[in-house]
Amino acid sequence: MTSRIRHTTIDCTHAYELASFWSQVLDLPVHEGNKPGDAEVLIEGAGLLFITVPETKTVKNRVHLDLQPQDRTRDKEVDRILALGATLLDDRRNPDGTGWAVLADPEGNEFCVERSAAERGD
C-alpha cells in the first residue's frame, strides 16, 4: 500500500488564531477538541493542521493553497476574504475575467483565489 497525505501542516506563530481565520475562509470548524492557546490546531474537514513554532515566516511559501469559490464569484470571494483579515499581494485578475488574486493570511502565508467553476464554464 502507498502513503496518503493526512494533513497539510502550516507553521505559524499563533495556531488557534490562524486556524480560526482559515476556519472562516473555508466555512469549516476548528476541531472540537482544540481551544485558544493550543500549539496544534486542526481544521479536520480540510486536513489543515496549524502548529505553533518559534520562528516567523521569512520567505515566500514553497507550497500554497489555491482556493476556488463554490457559491460566489472569484471577485466576491476575494472581497470576503480581505474583510476577514487577508491582504492582497498581487492582483493577477485580467479585464477578460481570467486570472487570479494572490493574497496573504494574517501571518503572511500566500494563497490564491481562482475563478469559480461557473466562471470557468466547468
# chains A, B, ... in the order shown; residues from 1 in each chain; ligands from 1
>>> residues_around(residues="His14 of chain A", least_positions_apart="6", cutoff="12 Å", atoms="only C-alpha atoms", output="list in words")
Ser20, Phe21, Lys35, Pro36, Gly37, Asp38, Ala39, Glu40, Val41, Phe50, Ile51, Thr52, Val53, Pro54, Glu55, Thr56, Pro106 and Glu107 of chain A
>>> select_by_dssp(residues="segment 3-122 of chain A", states="helix (DSSP H, G or I)", output="number ranges by chain")
A: 15-26, 44-46, 74-84, 117-120
>>> closest_residue(among="A:Ala83, A:Leu42, A:Leu65, A:Met1", to="Glu17 of chain A", atoms="only C-alpha atoms")
A:Leu42
>>> closest_residue(among="A:Thr58, A:Ser116, A:Ser3, A:Thr9", to="Glu77 of chain A", atoms="only C-alpha atoms")
A:Ser116
>>> atom_distance(atom1="atom CA of Asn109 of chain A", atom2="atom CA of Ile10 of chain A")
8.8 Å
>>> atom_distance(atom1="atom CA of Arg115 of chain A", atom2="atom CA of Leu84 of chain A")
19.2 Å
